[in-house]
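Containing PDB, C-alpha atoms: entry_39.pdb.
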```
MODEL        1
ATOM      1  CA  MET A   6      -3.963 -17.239   3.345
ATOM      2  CA  VAL A   7      -0.262 -18.106   3.187
ATOM      3  CA  SER A   8      -0.214 -17.795  -0.604
ATOM      4  CA  LEU A   9      -1.712 -14.294  -0.428
ATOM      5  CA  LEU A  10       0.817 -13.317   2.236
ATOM      6  CA  ILE A  11       3.604 -14.504  -0.071
ATOM      7  CA  CYS A  12       2.151 -12.338  -2.862
ATOM      8  CA  VAL A  13       2.223  -9.349  -0.518
ATOM      9  CA  ILE A  14       5.838 -10.008   0.492
ATOM     10  CA  VAL A  15       6.898 -10.357  -3.148
ATOM     11  CA  ALA A  16       5.079  -7.115  -4.002
ATOM     12  CA  ALA A  17       6.845  -5.343  -1.112
ATOM     13  CA  ILE A  18      10.232  -6.560  -2.340
ATOM     14  CA  ILE A  19       9.360  -5.375  -5.864
ATOM     15  CA  PHE A  20       8.341  -1.982  -4.451
ATOM     16  CA  ASP A  21      11.647  -1.812  -2.586
ATOM     17  CA  TYR A  22      13.548  -2.617  -5.784
ATOM     18  CA  ILE A  23      11.607   0.044  -7.718
ATOM     19  CA  ASN A  24      12.260   2.445  -4.847
ATOM     20  CA  GLY A  25      15.975   1.737  -5.314
ATOM     21  CA  PHE A  26      16.224   2.591  -8.992
ATOM     22  CA  HIS A  27      13.625   5.386  -8.713
ATOM     23  CA  ASP A  28      15.562   7.025  -5.863
ATOM     24  CA  ALA A  29      19.093   6.145  -6.988
ATOM     25  CA  ALA A  30      19.377   9.778  -8.021
ATOM     26  CA  ASN A  31      19.014  10.849  -4.395
ATOM     27  CA  ALA A  32      22.472   9.523  -3.601
ATOM     28  CA  ILE A  33      24.396   9.896  -6.847
ATOM     29  CA  ALA A  34      22.853  12.598  -9.061
ATOM     30  CA  THR A  35      25.292  15.274  -7.971
ATOM     31  CA  VAL A  36      28.401  13.065  -7.962
ATOM     32  CA  VAL A  37      27.582  11.900 -11.512
ATOM     33  CA  SER A  38      26.633  15.314 -12.876
ATOM     34  CA  THR A  39      29.893  16.857 -11.596
ATOM     35  CA  GLY A  40      31.926  14.077 -13.214
ATOM     36  CA  VAL A  41      33.457  12.873  -9.948
ATOM     37  CA  LEU A  42      32.306   9.310 -10.668
ATOM     38  CA  PRO A  43      31.004   7.561 -13.787
ATOM     39  CA  ILE A  44      27.422   6.445 -13.411
ATOM     40  CA  ARG A  45      28.178   2.695 -13.279
ATOM     41  CA  THR A  46      30.686   3.104 -10.454
ATOM     42  CA  ALA A  47      28.387   5.502  -8.631
ATOM     43  CA  VAL A  48      25.331   3.222  -8.672
ATOM     44  CA  LEU A  49      27.407   0.226  -7.570
ATOM     45  CA  LEU A  50      28.863   2.152  -4.637
ATOM     46  CA  ALA A  51      25.473   3.616  -3.730
ATOM     47  CA  GLY A  52      23.812   0.188  -3.831
ATOM     48  CA  ILE A  53      26.355  -1.288  -1.403
ATOM     49  CA  LEU A  54      25.993   1.630   1.003
ATOM     50  CA  ASN A  55      22.195   1.502   0.695
ATOM     51  CA  PHE A  56      22.375  -2.066   1.964
ATOM     52  CA  PHE A  57      24.535  -1.218   4.967
ATOM     53  CA  GLY A  58      22.414   1.824   5.784
ATOM     54  CA  ALA A  59      19.272  -0.301   5.662
ATOM     55  CA  VAL A  60      20.431  -2.792   8.284
ATOM     56  CA  THR A  61      21.369  -0.164  10.887
ATOM     57  CA  GLY A  62      17.948   0.203  12.520
ATOM     58  CA  THR A  63      14.201  -0.378  12.384
ATOM     59  CA  ALA A  64      12.694   2.755  13.962
ATOM     60  CA  VAL A  65      11.102   3.909  10.679
ATOM     61  CA  ALA A  66       9.852   0.374   9.945
ATOM     62  CA  LYS A  67       8.044   0.275  13.292
ATOM     63  CA  THR A  68       6.345   3.584  12.491
ATOM     64  CA  ILE A  69       5.065   2.224   9.172
ATOM     65  CA  ALA A  70       3.988  -1.094  10.727
ATOM     66  CA  SER A  71       1.892   0.349  13.525
ATOM     67  CA  GLY A  72       1.580   4.102  13.162
ATOM     68  CA  PHE A  73      -1.075   4.570  10.476
ATOM     69  CA  ALA A  74      -3.691   1.846  10.869
ATOM     70  CA  ASP A  75      -4.799  -0.688  13.447
ATOM     71  CA  VAL A  76      -3.603  -4.146  12.452
ATOM     72  CA  GLN A  77      -7.169  -5.401  13.030
ATOM     73  CA  MET A  78      -8.327  -3.145  10.178
ATOM     74  CA  VAL A  79      -5.668  -4.370   7.770
ATOM     75  CA  ASN A  80      -5.739  -7.573   5.776
ATOM     76  CA  GLN A  81      -3.440  -8.868   3.055
ATOM     77  CA  THR A  82      -5.550  -7.370   0.281
ATOM     78  CA  VAL A  83      -5.235  -3.924   1.874
ATOM     79  CA  VAL A  84      -1.446  -4.189   2.031
ATOM     80  CA  LEU A  85      -1.220  -5.568  -1.515
ATOM     81  CA  SER A  86      -3.429  -2.756  -2.816
ATOM     82  CA  ALA A  87      -1.250  -0.149  -1.069
ATOM     83  CA  LEU A  88       1.824  -1.604  -2.750
ATOM     84  CA  VAL A  89       0.167  -1.710  -6.171
ATOM     85  CA  GLY A  90      -0.848   1.935  -5.881
ATOM     86  CA  ALA A  91       2.626   3.003  -4.722
ATOM     87  CA  CYS A  92       4.406   1.015  -7.444
ATOM     88  CA  ALA A  93       2.112   2.429 -10.133
ATOM     89  CA  TRP A  94       2.796   6.029  -9.065
ATOM     90  CA  ASN A  95       6.548   5.370  -8.815
ATOM     91  CA  LEU A  96       6.658   3.969 -12.326
ATOM     92  CA  VAL A  97       4.689   6.905 -13.758
ATOM     93  CA  THR A  98       6.976   9.479 -12.154
ATOM     94  CA  TRP A  99      10.099   7.487 -13.075
ATOM     95  CA  TRP A 100       9.002   7.355 -16.718
ATOM     96  CA  TYR A 101       8.625  11.127 -16.849
ATOM     97  CA  GLY A 102      11.832  11.738 -14.865
ATOM     98  CA  ILE A 103      10.030  13.379 -11.935
ATOM     99  CA  PRO A 104      11.794  12.960  -8.552
ATOM    100  CA  SER A 105       8.703  12.222  -6.472
ATOM    101  CA  SER A 106       8.656  10.519  -3.083
ATOM    102  CA  SER A 107       8.452   6.719  -2.912
ATOM    103  CA  SER A 108       7.843   7.054   0.813
ATOM    104  CA  HIS A 109       4.790   9.238   0.416
ATOM    105  CA  ALA A 110       3.550   7.043  -2.424
ATOM    106  CA  LEU A 111       3.594   4.066  -0.040
ATOM    107  CA  ILE A 112       1.846   5.940   2.776
ATOM    108  CA  GLY A 113      -0.670   7.435   0.359
ATOM    109  CA  GLY A 114      -1.301   3.954  -1.003
ATOM    110  CA  LEU A 115      -1.823   2.583   2.494
ATOM    111  CA  ALA A 116      -4.302   5.380   3.259
ATOM    112  CA  GLY A 117      -6.273   4.732   0.069
ATOM    113  CA  ALA A 118      -6.431   0.985   0.617
ATOM    114  CA  VAL A 119      -7.444   1.277   4.300
ATOM    115  CA  VAL A 120     -10.197   3.774   3.405
ATOM    116  CA  ALA A 121     -11.425   1.471   0.644
ATOM    117  CA  LYS A 122     -11.821  -1.346   3.157
ATOM    118  CA  GLY A 123     -12.920   0.326   6.382
ATOM    119  CA  GLY A 124     -14.076   3.819   5.483
ATOM    120  CA  PHE A 125     -12.562   7.224   6.105
ATOM    121  CA  SER A 126     -12.328   6.772   9.886
ATOM    122  CA  ALA A 127     -10.303   3.548   9.609
ATOM    123  CA  PHE A 128      -7.084   5.409   8.822
ATOM    124  CA  ARG A 129      -5.198   7.344  11.507
ATOM    125  CA  TRP A 130      -5.255  10.795   9.955
ATOM    126  CA  HIS A 131      -3.636  12.385  12.990
ATOM    127  CA  ALA A 132      -0.608  10.149  12.466
ATOM    128  CA  LEU A 133      -0.532  11.202   8.808
ATOM    129  CA  LYS A 134      -0.429  14.824   9.917
ATOM    130  CA  THR A 135       2.264  14.458  12.579
ATOM    131  CA  LYS A 136       4.449  11.801  10.952
ATOM    132  CA  VAL A 137       4.118  12.729   7.262
ATOM    133  CA  LEU A 138       2.627  16.136   6.535
ATOM    134  CA  VAL A 139       4.605  18.066   9.148
ATOM    135  CA  PRO A 140       7.923  16.371   8.153
ATOM    136  CA  LEU A 141       6.897  16.923   4.498
ATOM    137  CA  VAL A 142       7.327  20.632   5.169
ATOM    138  CA  LEU A 143      10.003  20.598   7.857
ATOM    139  CA  SER A 144      12.549  18.159   6.389
ATOM    140  CA  PRO A 145      13.024  19.931   3.020
ATOM    141  CA  THR A 146      13.002  23.298   4.777
ATOM    142  CA  LEU A 147      15.649  22.101   7.215
ATOM    143  CA  GLY A 148      17.680  20.625   4.363
ATOM    144  CA  PHE A 149      17.447  23.885   2.367
ATOM    145  CA  VAL A 150      18.573  25.993   5.328
ATOM    146  CA  ILE A 151      21.433  23.640   6.282
ATOM    147  CA  ALA A 152      22.635  23.423   2.666
ATOM    148  CA  PHE A 153      22.470  27.203   2.271
ATOM    149  CA  ALA A 154      24.472  27.703   5.483
ATOM    150  CA  VAL A 155      27.011  24.966   4.678
ATOM    151  CA  MET A 156      27.596  26.421   1.217
ATOM    152  CA  VAL A 157      28.114  29.924   2.585
ATOM    153  CA  LEU A 158      30.633  28.591   5.136
ATOM    154  CA  LEU A 159      32.493  26.590   2.473
ATOM    155  CA  VAL A 160      32.743  29.598   0.161
ATOM    156  CA  TRP A 161      34.111  31.671   3.053
ATOM    157  CA  PHE A 162      36.575  28.914   4.049
ATOM    158  CA  PHE A 163      37.912  28.481   0.511
ATOM    159  CA  ARG A 164      37.833  32.171  -0.384
ATOM    160  CA  ARG A 165      41.652  32.488  -0.581
ATOM    161  CA  TRP A 166      42.230  29.195  -2.385
ATOM    162  CA  LYS A 167      42.928  28.951  -6.095
ATOM    163  CA  PRO A 168      39.956  27.588  -8.087
ATOM    164  CA  ASP A 169      41.876  24.537  -9.343
ATOM    165  CA  ARG A 170      42.825  23.524  -5.816
ATOM    166  CA  VAL A 171      39.267  24.043  -4.558
ATOM    167  CA  ASN A 172      37.996  21.857  -7.380
ATOM    168  CA  ARG A 173      40.457  19.028  -6.627
ATOM    169  CA  VAL A 174      39.708  19.028  -2.913
ATOM    170  CA  SER A 175      35.939  19.307  -3.323
ATOM    171  CA  ARG A 176      35.885  16.376  -5.753
ATOM    172  CA  ARG A 177      37.503  14.204  -3.079
ATOM    173  CA  LEU A 178      35.140  15.508  -0.435
ATOM    174  CA  GLN A 179      32.188  14.740  -2.679
ATOM    175  CA  LEU A 180      33.127  11.071  -2.738
ATOM    176  CA  LEU A 181      32.673  11.022   1.044
ATOM    177  CA  SER A 182      29.427  12.990   0.969
ATOM    178  CA  ALA A 183      27.969  10.757  -1.771
ATOM    179  CA  CYS A 184      28.730   7.700   0.380
ATOM    180  CA  GLY A 185      27.077   9.372   3.361
ATOM    181  CA  MET A 186      23.997  10.232   1.321
ATOM    182  CA  ALA A 187      23.674   6.669  -0.001
ATOM    183  CA  PHE A 188      24.006   5.269   3.539
ATOM    184  CA  ALA A 189      21.368   7.712   4.832
ATOM    185  CA  HIS A 190      19.028   6.862   1.947
ATOM    186  CA  GLY A 191      19.154   3.176   2.839
ATOM    187  CA  SER A 192      18.642   3.917   6.536
ATOM    188  CA  ASN A 193      15.265   5.548   5.862
ATOM    189  CA  ASP A 194      13.798   4.276   2.606
ATOM    190  CA  ALA A 195      14.455   0.537   2.922
ATOM    191  CA  GLN A 196      12.757   0.523   6.309
ATOM    192  CA  LYS A 197       9.431   1.487   4.756
ATOM    193  CA  SER A 198       9.213  -1.851   2.954
ATOM    194  CA  MET A 199      10.307  -3.595   6.140
ATOM    195  CA  GLY A 200       7.424  -1.886   7.908
ATOM    196  CA  ILE A 201       4.868  -2.843   5.279
ATOM    197  CA  ILE A 202       5.967  -6.506   5.412
ATOM    198  CA  ALA A 203       5.803  -6.407   9.216
ATOM    199  CA  LEU A 204       2.280  -4.976   8.902
ATOM    200  CA  ALA A 205       1.305  -7.854   6.609
ATOM    201  CA  LEU A 206       2.835 -10.424   8.969
ATOM    202  CA  GLY A 207       1.054  -8.829  11.942
ATOM    203  CA  SER A 208      -2.237  -8.985  10.069
ATOM    204  CA  PHE A 209      -1.550 -12.650   9.254
ATOM    205  CA  VAL A 210      -1.006 -13.453  12.938
ATOM    206  CA  ALA A 211      -4.034 -11.397  14.060
ATOM    207  CA  ALA A 212      -6.232 -13.302  11.610
ATOM    208  CA  GLY A 213      -5.106 -16.594  13.113
ATOM    209  CA  GLY A 214      -2.918 -17.562  10.190
ATOM    210  CA  THR A 215      -0.807 -20.699  10.455
ATOM    211  CA  GLY A 216       1.776 -22.487   8.358
ATOM    212  CA  LEU A 217       4.803 -20.251   8.926
ATOM    213  CA  PRO A 218       7.705 -20.997  11.303
ATOM    214  CA  ALA A 219       7.994 -18.885  14.446
ATOM    215  CA  TRP A 220      11.268 -17.260  13.316
ATOM    216  CA  ALA A 221       9.516 -15.813  10.260
ATOM    217  CA  LEU A 222       6.912 -13.928  12.294
ATOM    218  CA  PRO A 223       7.315 -10.684  14.267
ATOM    219  CA  LYS A 224       7.378 -10.786  18.062
ATOM    220  CA  GLY A 225       5.845  -7.617  19.447
ATOM    221  CA  ASP A 226       7.388  -4.728  17.558
ATOM    222  CA  HIS A 227      10.479  -6.755  16.598
ATOM    223  CA  ILE A 228      11.121  -6.901  12.830
ATOM    224  CA  PRO A 229      12.320 -10.384  11.763
ATOM    225  CA  SER A 230      15.931 -10.495  10.557
ATOM    226  CA  TRP A 231      14.998 -12.033   7.208
ATOM    227  CA  VAL A 232      12.746  -9.053   6.473
ATOM    228  CA  ILE A 233      15.578  -6.600   7.212
ATOM    229  CA  VAL A 234      18.087  -8.427   5.009
ATOM    230  CA  ALA A 235      15.629  -8.997   2.147
ATOM    231  CA  CYS A 236      14.577  -5.344   2.007
ATOM    232  CA  ALA A 237      18.153  -4.106   2.332
ATOM    233  CA  ALA A 238      19.221  -6.338  -0.555
ATOM    234  CA  ALA A 239      16.250  -5.301  -2.717
ATOM    235  CA  ILE A 240      16.864  -1.563  -2.386
ATOM    236  CA  GLY A 241      20.596  -2.065  -2.910
ATOM    237  CA  LEU A 242      20.054  -4.036  -6.125
ATOM    238  CA  GLY A 243      17.457  -1.529  -7.298
ATOM    239  CA  THR A 244      19.891   1.324  -6.764
ATOM    240  CA  MET A 245      22.525  -0.555  -8.757
ATOM    241  CA  ALA A 246      20.020  -0.681 -11.626
ATOM    242  CA  GLY A 247      20.098   3.124 -11.604
ATOM    243  CA  GLY A 248      17.540   5.738 -12.601
ATOM    244  CA  LYS A 249      19.080   7.848 -15.375
ATOM    245  CA  ARG A 250      15.955   9.850 -16.116
ATOM    246  CA  ILE A 251      15.705  11.264 -12.591
ATOM    247  CA  ILE A 252      19.484  11.604 -12.234
ATOM    248  CA  LYS A 253      19.398  13.979 -15.196
ATOM    249  CA  THR A 254      16.605  16.067 -13.656
ATOM    250  CA  MET A 255      18.275  16.370 -10.259
ATOM    251  CA  GLY A 256      21.844  16.688 -11.452
ATOM    252  CA  THR A 257      21.458  19.221 -14.262
ATOM    253  CA  LYS A 258      17.958  20.645 -14.586
ATOM    254  CA  ILE A 259      17.525  22.234 -11.143
ATOM    255  CA  ILE A 260      20.943  23.947 -11.195
ATOM    256  CA  ARG A 261      24.291  23.368 -12.869
ATOM    257  CA  ILE A 262      26.119  21.978  -9.889
ATOM    258  CA  SER A 263      29.843  22.098  -9.042
ATOM    259  CA  PRO A 264      31.725  19.509  -6.911
ATOM    260  CA  LEU A 265      31.787  21.903  -3.942
ATOM    261  CA  GLN A 266      28.034  22.480  -4.255
ATOM    262  CA  GLY A 267      27.520  18.728  -4.578
ATOM    263  CA  PHE A 268      29.467  18.126  -1.363
ATOM    264  CA  ALA A 269      27.407  20.742   0.479
ATOM    265  CA  ALA A 270      24.090  19.366  -0.820
ATOM    266  CA  GLU A 271      24.879  15.715  -0.094
ATOM    267  CA  THR A 272      26.297  16.398   3.357
ATOM    268  CA  SER A 273      23.255  18.466   4.319
ATOM    269  CA  GLY A 274      20.862  15.871   2.916
ATOM    270  CA  ALA A 275      22.601  12.996   4.704
ATOM    271  CA  LEU A 276      22.482  14.816   8.057
ATOM    272  CA  THR A 277      18.781  15.627   7.662
ATOM    273  CA  ILE A 278      17.814  12.077   6.679
ATOM    274  CA  LEU A 279      19.922  10.351   9.347
ATOM    275  CA  LEU A 280      18.333  12.539  12.019
ATOM    276  CA  ALA A 281      14.873  11.526  10.767
ATOM    277  CA  SER A 282      15.866   7.833  10.720
ATOM    278  CA  LEU A 283      17.022   8.002  14.331
ATOM    279  CA  LYS A 284      13.679   9.559  15.307
ATOM    280  CA  GLY A 285      11.683   6.944  13.366
ATOM    281  CA  VAL A 286      10.235   9.556  10.984
ATOM    282  CA  PRO A 287       9.589   8.303   7.413
ATOM    283  CA  VAL A 288      10.750  11.381   5.505
ATOM    284  CA  SER A 289      11.166  11.684   1.774
ATOM    285  CA  THR A 290      14.832  11.366   0.863
ATOM    286  CA  THR A 291      13.889  12.781  -2.540
ATOM    287  CA  HIS A 292      12.437  15.932  -1.025
ATOM    288  CA  CYS A 293      15.443  16.394   1.237
ATOM    289  CA  ILE A 294      18.157  16.155  -1.412
ATOM    290  CA  ASN A 295      16.191  18.275  -3.896
ATOM    291  CA  ALA A 296      15.755  20.984  -1.262
ATOM    292  CA  CYS A 297      19.474  20.793  -0.445
ATOM    293  CA  ILE A 298      20.379  21.211  -4.122
ATOM    294  CA  MET A 299      18.117  24.265  -4.258
ATOM    295  CA  GLY A 300      19.701  25.566  -1.048
ATOM    296  CA  VAL A 301      23.253  25.466  -2.410
ATOM    297  CA  GLY A 302      22.076  27.087  -5.636
ATOM    298  CA  ALA A 303      20.256  29.866  -3.818
ATOM    299  CA  SER A 304      23.367  30.599  -1.720
ATOM    300  CA  LYS A 305      25.056  31.779  -4.912
ATOM    301  CA  ARG A 306      22.095  33.729  -6.216
ATOM    302  CA  VAL A 307      18.362  33.081  -6.251
ATOM    303  CA  SER A 308      18.261  33.080 -10.053
ATOM    304  CA  ALA A 309      20.777  30.190 -10.148
ATOM    305  CA  VAL A 310      17.916  27.811  -9.328
ATOM    306  CA  ARG A 311      15.622  26.960 -12.217
ATOM    307  CA  TRP A 312      12.452  27.618 -10.300
ATOM    308  CA  GLY A 313      10.240  26.390 -13.142
ATOM    309  CA  VAL A 314      11.714  22.890 -12.819
ATOM    310  CA  ALA A 315      11.553  23.219  -9.031
ATOM    311  CA  GLY A 316       7.856  24.140  -9.340
ATOM    312  CA  ASN A 317       7.157  20.988 -11.374
ATOM    313  CA  ILE A 318       8.883  18.918  -8.697
ATOM    314  CA  LEU A 319       6.859  20.647  -5.975
ATOM    315  CA  THR A 320       3.650  19.849  -7.857
ATOM    316  CA  ALA A 321       4.637  16.161  -7.894
ATOM    317  CA  TRP A 322       5.292  16.341  -4.132
ATOM    318  CA  VAL A 323       1.787  17.662  -3.518
ATOM    319  CA  LEU A 324       0.102  15.167  -5.843
ATOM    320  CA  THR A 325       1.936  12.040  -4.660
ATOM    321  CA  LEU A 326      -0.135  11.332  -1.527
ATOM    322  CA  PRO A 327      -3.622  11.783  -3.038
ATOM    323  CA  LEU A 328      -2.923  10.168  -6.432
ATOM    324  CA  SER A 329      -1.164   7.110  -5.012
ATOM    325  CA  GLY A 330      -4.081   6.893  -2.574
ATOM    326  CA  PHE A 331      -6.613   6.931  -5.420
ATOM    327  CA  MET A 332      -4.626   4.258  -7.273
ATOM    328  CA  ALA A 333      -4.564   2.056  -4.158
ATOM    329  CA  PHE A 334      -8.279   2.674  -3.547
ATOM    330  CA  GLY A 335      -9.075   1.443  -7.062
ATOM    331  CA  SER A 336      -6.676  -1.470  -6.682
ATOM    332  CA  TYR A 337      -8.429  -2.605  -3.506
ATOM    333  CA  LYS A 338     -11.831  -2.521  -5.176
ATOM    334  CA  LEU A 339     -10.508  -4.721  -7.982
ATOM    335  CA  LEU A 340      -8.430  -7.074  -5.841
ATOM    336  CA  SER A 341     -11.235  -7.558  -3.308
ATOM    337  CA  LEU A 342     -13.301  -9.065  -6.112
ATOM    338  CA  VAL A 343     -10.507 -11.570  -6.773
ATOM    339  CA  PHE A 344      -9.647 -12.409  -3.159
ATOM    340  CA  TYR A 345     -13.118 -11.831  -1.663
ATOM    341  CA  ALA A 346     -11.622  -9.453   0.952
TER     342      ALA A 346
ENDMDL
END
```
Can you dump the structure from the file as structure tokens?
Amino acid sequence: MVSLLICVIVAAIIFDYINGFHDAANAIATVVSTGVLPIRTAVLLAGILNFFGAVTGTAVAKTIASGFADVQMVNQTVVLSALVGACAWNLVTWWYGIPSSSSHALIGGLAGAVVAKGGFSAFRWHALKTKVLVPLVLSPTLGFVIAFAVMVLLVWFFRRWKPDRVNRVSRRLQLLSACGMAFAHGSNDAQKSMGIIALALGSFVAAGGTGLPAWALPKGDHIPSWVIVACAAAIGLGTMAGGKRIIKTMGTKIIRISPLQGFAAETSGALTILLASLKGVPVSTTHCINACIMGVGASKRVSAVRWGVAGNILTAWVLTLPLSGFMAFGSYKLLSLVFYA
């Protein structure tokens, strides 16, 4: 039982690392595409701030650990299958440069694996609706509206400034906004892996597992410190590895972005994500920053946004939950034959 738990923890850390380089674009796509920072400097800075953002709270982790399935219905094979399904979908979308949601891939994977084990009623579909589907619509919408409004205000504020001066100032401002976005990304995304490890540890305890020291196990809804640090480090290192394919899509294919637009998009995205983190809502940082980029583009003119590319991204958003769920469902059926779950 301990060996299987270790496999689950390793898989969760790998997922967190993949999440880092898959979602590195969330924090740095605009600052790289505008030339404010070279990509190597940007990913290093983002990775450090991801780490610090990740250790600031555990509200999202607690939602993942207890919000979607009863710990009595979850065993290690279920959690491992959820991670396999999420990792598989992340790698597919990374390969094709599609900025999909790692968060929704994980939750979709958990749903598929739980259904594979306990049937359709074993998963808390109401929680999926209130904690995922509603924020799936609201968080990008909020980000779009905030970004649109922020961009309009910035254009009005700088209306009498010379373009060269606006460009110099906005490049400096974008450094701050990129740091804020990286911090916010860590505060939400890293906690999802913390939650999935806490779920696995809770299942281990519920099944009467032994062999681990008390400090390594959760107490109530408390997330062990080693889980927080390990997940924070994994997402930080993953971000430092970068994700050039998705950076290109977000930084140049949706709109051609200026430093001032980048500042507006990143600031709006960071505010939206930090608010969700404080409320314990596992939103998609990818969805938020993409919507903010579209918002700043639309503030100039609707045709500035390449809606064909945006439509492809939206399709990936819709498909992430069911396809990662199907992958996890199949993974459980295979892994249960190996582990006799």
Quiz item: Could you write out as a list of chain:residue names the residues that the PyMOL selection byres ((chain A and resi 223) around 10) matches in the shown file?
Solution: A:Ile202, A:Ala203, A:Leu204, A:Leu206, A:Gly207, A:Val210, A:Ala219, A:Trp220, A:Ala221, A:Leu222, A:Lys224, A:Gly225, A:Asp226, A:His227, A:Ile228, A:Pro229, A:Ser230, A:Val232
Self-check item: Residues returned when the PyMOL selection byres ((chain A and resi 244) around 6) runs on this file, as a list in words
Solution: Gly25, Phe26, Ala29, Gly52, Gly241, Leu242, Gly243, Met245, Ala246 and Gly247 of chain A
Quiz item: Which of these, A:Asp169, A:Thr277, A:Arg164, A:Leu158, has the shortest distance to A:Ser304 once you count all atoms listed in the file?
Solution: A:Leu158
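Computed from the coordinates, the atom CA of A:Gly148 to atom CA of A:Leu178 distance equals 18.8 Å.
What the PyMOL selection byres ((chain A and resi 292) around 8) grabs from this file is Ser105, Ser106, Leu141, Ser144, Pro145, Ser289, Thr290, Thr291, Cys293, Ile294, Asn295, Ala296 and Trp322 of chain A.
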I'd like the neighbourhood of A:Ser192 as a compact mmCIF listing (two decimals) with C-alpha atoms, keeping the file's coordinate frame, where a residue qualifies if any of its atoms comes within 9 Å (using all atoms listed in the file), though same-chain residues fewer than 2 positions away should be ignored.
```
# COMPACT_ATOMS: atom_id res chain seq x y z
CA ASN A 55 22.20 1.50 0.70
CA PHE A 56 22.38 -2.07 1.96
CA PHE A 57 24.54 -1.22 4.97
CA GLY A 58 22.41 1.82 5.78
CA ALA A 59 19.27 -0.30 5.66
CA VAL A 60 20.43 -2.79 8.28
CA THR A 61 21.37 -0.16 10.89
CA GLY A 62 17.95 0.20 12.52
CA THR A 63 14.20 -0.38 12.38
CA VAL A 65 11.10 3.91 10.68
CA ALA A 187 23.67 6.67 0.00
CA PHE A 188 24.01 5.27 3.54
CA ALA A 189 21.37 7.71 4.83
CA HIS A 190 19.03 6.86 1.95
CA ASP A 194 13.80 4.28 2.61
CA ALA A 195 14.46 0.54 2.92
CA GLN A 196 12.76 0.52 6.31
CA ILE A 278 17.81 12.08 6.68
CA LEU A 279 19.92 10.35 9.35
CA SER A 282 15.87 7.83 10.72
CA LEU A 283 17.02 8.00 14.33
```
Put a box with edges along x, y and z around all the listed atoms of stretch 121-135 of chain A, pad it by 4 Å on each side, then give me its centre and sizes in Å, one decimal, as AutoDock Vina command-line options.
```
--center_x -5.9 --center_y 6.7 --center_z 6.8 --size_x 24.3 --size_y 24.2 --size_z 20.3
```
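For the residues A:Val48, A:Leu138, A:Val83, A:Ile11, ranking by smallest atom-to-atom distance to A:Thr325 using all atoms listed in the file places A:Leu138 first.
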Practice problem: Determine, counting only C-alpha atoms, every residue of protein, DNA or RNA that lies within 9 Å of (-1.1, -12.6, 0.6) in the file coordinates, then give the result as number ranges by chain. | Solution: A: 6-14, 80-82, 84-85, 205, 209
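Nearest to A:Lys122 of all the residues A:Arg45, A:Val288, A:Ile151, A:Ala74 is A:Ala74, counting only C-alpha atoms.
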Exercise. Rank nothing, just name the residue among A:Leu324, A:Phe162, A:Ala333, A:Val155 nearest to A:Ala303, using all atoms listed in the file.
Key: A:Val155
